[in-house]
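Scroll down for the structure; my scribbles are underneath it.
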Amino acid sequence: MWIMAERLENDFYPTPIYSLEPLLERIDFSKVNSFLEPCTGDNRIFDRIPLPSESKYWAELRKGVDYLTTEFKDIDLIVTNPPFSISLDFIKKSLTEAKTVCYLQRLNWLGSKARKDFWNNNTPDKIFVLSKRPQFKKELGLSGGTDSTEYCWFIWDKLNIVKGKHLEIL
């Protein structure tokens, strides 16, 4: 019998550092002048971006800043793990505001009739598949392993700052 996992409040699933580090190691930060984290959560992505604080911006609904209703301009880099339930809205907005966009998502997010047109019109430059599945609940001190789903970084890279092949297994 298949049992649906209970969703955490506000879709808050902190990004495990081991899922983030391989991506950050491939980014040429010498070409990045501004960074935005649209779902900063507990700052684990935001705090690891090696830029001065005046060059880093954030949004977080739980902290009173709604990314979907707040305008940002001229952003070089976005790296985030958005709430899954509204991630398409986040990605569409990010692609209009930033030159390089990196989103942590389920690999099977590529599927779905609802996203077919989006993917046909917004093919990522790179997809980095995580060989080690994230354990999001463990990051919160909760019991449970992985959710038996493959995850990856979808990357749109107009700045050409993310090193790697079009498809990589990290």
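Labels for the structure tokens follow display order: chains A, B, ..., residues from 1 in each chain, ligands from 1.
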
So which residues touch stretch 98-111 of chain A within 8 Å, counting only C-alpha atoms, skipping near sequence neighbours fewer than 5 positions away, as a VMD selection string? chain A and resid 73 to 82 84 91 116 119 129 149 to 161

Residues flagged alpha helix (DSSP H) by DSSP in stretch 21-90 of chain A, as a list in words: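 For stretch 21-90 of chain A, the alpha helix (DSSP H) set is Glu21, Pro22, Leu23, Leu24, Ser87, Leu88, Asp89 and Phe90 of chain A.
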
Separation of atom CA of A:Ser94 and atom CA of A:Phe46, in Å?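 A separation of 15.9 Å between them.
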
Could you go through stretch 47-149 of chain A and tell me which residues DSSP, when run on the backbone, assigns to strand (DSSP E or B), listing them as number ranges by chain? A: 56-58, 60, 65, 75-80, 98-106, 126-129

Which of these residues is nearest to A:Ile169, using only C-alpha atoms: A:Ser148, A:Glu60, A:Pro50, A:Arg133? A:Arg133

If you measure from atom CA of A:Phe72 to atom CA of A:Thr40, what distance in Å do you get, rounded to one decimal?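 Going from atom CA of A:Phe72 over to atom CA of A:Thr40, I get 14.7 Å.
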
When you look at A:Lys163 with a cut-off of 12 Å (counting only C-alpha atoms), what residues show up, excluding the ones that are within fewer than 5 positions of it in the same chain? I need them as a list in words. Pro22, Leu23, Leu24, Glu25, Arg26, Ile27, Asp28, Phe29, Asp125, Lys126, Ile127, Phe128, Ile155, Asp157 and Glu168 of chain A

If you keep all heavy atoms, can you produce a file of those selected residues as a tab-separated table (two decimals), in the first residue's frame?
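Listing of out27.tsv after writing:
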```
chain	number	residue	atom	x	y	z
A	22	PRO	N	28.13	20.89	-4.32
A	22	PRO	CA	28.61	20.59	-5.67
A	22	PRO	C	28.20	21.66	-6.70
A	22	PRO	O	28.95	21.91	-7.65
A	22	PRO	CB	27.97	19.25	-6.02
A	22	PRO	CG	27.57	18.66	-4.72
A	22	PRO	CD	27.29	19.80	-3.80
A	23	LEU	N	27.06	22.27	-6.50
A	23	LEU	CA	26.65	23.36	-7.39
A	23	LEU	C	27.52	24.59	-7.17
A	23	LEU	O	28.08	25.15	-8.12
A	23	LEU	CB	25.18	23.73	-7.17
A	23	LEU	CG	24.73	25.00	-7.90
A	23	LEU	CD1	24.70	24.78	-9.41
A	23	LEU	CD2	23.38	25.46	-7.38
A	24	LEU	N	27.68	25.00	-5.91
A	24	LEU	CA	28.46	26.20	-5.62
A	24	LEU	C	29.90	26.08	-6.09
A	24	LEU	O	30.50	27.07	-6.52
A	24	LEU	CB	28.40	26.53	-4.13
A	24	LEU	CG	27.02	26.88	-3.57
A	24	LEU	CD1	27.11	27.24	-2.10
A	24	LEU	CD2	26.35	27.98	-4.37
A	25	GLU	N	30.46	24.88	-6.04
A	25	GLU	CA	31.83	24.66	-6.51
A	25	GLU	C	31.98	24.90	-8.00
A	25	GLU	O	33.09	25.15	-8.48
A	25	GLU	CB	32.26	23.23	-6.19
A	25	GLU	CG	32.45	22.96	-4.72
A	25	GLU	CD	32.60	21.48	-4.40
A	25	GLU	OE1	32.55	20.64	-5.32
A	25	GLU	OE2	32.75	21.16	-3.20
A	26	ARG	N	30.90	24.87	-8.75
A	26	ARG	CA	30.94	25.03	-10.20
A	26	ARG	C	30.61	26.45	-10.66
A	26	ARG	O	30.65	26.74	-11.85
A	26	ARG	CB	29.98	24.03	-10.85
A	26	ARG	CG	30.49	22.61	-10.77
A	26	ARG	CD	29.40	21.59	-11.08
A	26	ARG	NE	29.95	20.25	-11.21
A	26	ARG	CZ	30.36	19.49	-10.20
A	26	ARG	NH1	30.31	19.94	-8.96
A	26	ARG	NH2	30.85	18.28	-10.41
A	27	ILE	N	30.29	27.34	-9.73
A	27	ILE	CA	29.92	28.70	-10.09
A	27	ILE	C	31.15	29.61	-10.00
A	27	ILE	O	31.86	29.62	-8.99
A	27	ILE	CB	28.81	29.24	-9.18
A	27	ILE	CG1	27.53	28.41	-9.38
A	27	ILE	CG2	28.53	30.72	-9.46
A	27	ILE	CD1	26.40	28.75	-8.43
A	28	ASP	N	31.38	30.39	-11.05
A	28	ASP	CA	32.47	31.37	-11.07
A	28	ASP	C	31.95	32.67	-10.44
A	28	ASP	O	31.38	33.52	-11.11
A	28	ASP	CB	32.93	31.61	-12.50
A	28	ASP	CG	34.09	32.58	-12.59
A	28	ASP	OD1	34.48	33.16	-11.54
A	28	ASP	OD2	34.60	32.77	-13.70
A	29	PHE	N	32.14	32.81	-9.14
A	29	PHE	CA	31.62	33.96	-8.42
A	29	PHE	C	32.36	35.25	-8.75
A	29	PHE	O	31.86	36.33	-8.43
A	29	PHE	CB	31.63	33.70	-6.91
A	29	PHE	CG	30.52	32.78	-6.48
A	29	PHE	CD1	30.76	31.44	-6.25
A	29	PHE	CD2	29.23	33.26	-6.32
A	29	PHE	CE1	29.74	30.59	-5.87
A	29	PHE	CE2	28.19	32.42	-5.94
A	29	PHE	CZ	28.45	31.09	-5.71
A	125	ASP	N	19.96	25.22	-19.50
A	125	ASP	CA	21.28	25.06	-20.09
A	125	ASP	C	21.99	23.84	-19.52
A	125	ASP	O	22.78	23.19	-20.20
A	125	ASP	CB	22.13	26.31	-19.85
A	125	ASP	CG	21.53	27.52	-20.53
A	125	ASP	OD1	21.37	27.49	-21.77
A	125	ASP	OD2	21.18	28.50	-19.82
A	126	LYS	N	21.71	23.56	-18.24
A	126	LYS	CA	22.35	22.44	-17.57
A	126	LYS	C	21.36	21.81	-16.59
A	126	LYS	O	20.49	22.50	-16.05
A	126	LYS	CB	23.59	22.90	-16.80
A	126	LYS	CG	24.70	23.43	-17.69
A	126	LYS	CD	25.87	23.94	-16.87
A	126	LYS	CE	27.01	24.37	-17.74
A	126	LYS	NZ	26.80	25.63	-18.43
A	127	ILE	N	21.54	20.51	-16.38
A	127	ILE	CA	20.81	19.79	-15.34
A	127	ILE	C	21.85	18.97	-14.59
A	127	ILE	O	22.52	18.12	-15.18
A	127	ILE	CB	19.72	18.89	-15.94
A	127	ILE	CG1	18.67	19.74	-16.67
A	127	ILE	CG2	19.07	18.05	-14.83
A	127	ILE	CD1	17.61	18.92	-17.40
A	128	PHE	N	21.99	19.25	-13.31
A	128	PHE	CA	22.92	18.51	-12.46
A	128	PHE	C	22.10	17.61	-11.53
A	128	PHE	O	21.43	18.09	-10.62
A	128	PHE	CB	23.77	19.46	-11.61
A	128	PHE	CG	24.76	20.29	-12.38
A	128	PHE	CD1	25.36	21.37	-11.78
A	128	PHE	CD2	25.10	20.01	-13.69
A	128	PHE	CE1	26.28	22.16	-12.45
A	128	PHE	CE2	26.02	20.79	-14.38
A	128	PHE	CZ	26.61	21.86	-13.76
A	155	ILE	N	19.37	24.56	-14.31
A	155	ILE	CA	20.20	25.76	-14.43
A	155	ILE	C	19.98	26.45	-15.77
A	155	ILE	O	20.16	25.83	-16.82
A	155	ILE	CB	21.69	25.41	-14.26
A	155	ILE	CG1	21.90	24.72	-12.90
A	155	ILE	CG2	22.57	26.64	-14.42
A	155	ILE	CD1	23.20	23.97	-12.78
A	157	ASP	N	21.61	29.61	-17.64
A	157	ASP	CA	22.89	30.31	-17.39
A	157	ASP	C	23.25	31.29	-18.50
A	157	ASP	O	24.16	31.03	-19.30
A	157	ASP	CB	23.98	29.25	-17.21
A	157	ASP	CG	25.29	29.81	-16.73
A	157	ASP	OD1	25.33	30.99	-16.30
A	157	ASP	OD2	26.29	29.07	-16.77
A	168	GLU	N	24.92	16.42	-15.90
A	168	GLU	CA	25.94	15.82	-15.04
A	168	GLU	C	25.27	15.13	-13.89
A	168	GLU	O	24.22	15.55	-13.42
A	168	GLU	CB	26.88	16.90	-14.47
A	168	GLU	CG	27.90	17.39	-15.48
A	168	GLU	CD	29.09	18.05	-14.81
A	168	GLU	OE1	29.56	17.54	-13.77
A	168	GLU	OE2	29.54	19.06	-15.35
```

Might you pull out every residue within 10 Å of A:Asn43, with only C-alpha atoms counted and same-chain residues fewer than 3 positions away left off, and present them as a PyMOL selection string? chain A and resi 14-15+37+39-40+46-48+58+60

Separation of atom CA of A:Pro38 and atom CA of A:Pro134, in Å?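 So the answer is 19.9 Å.
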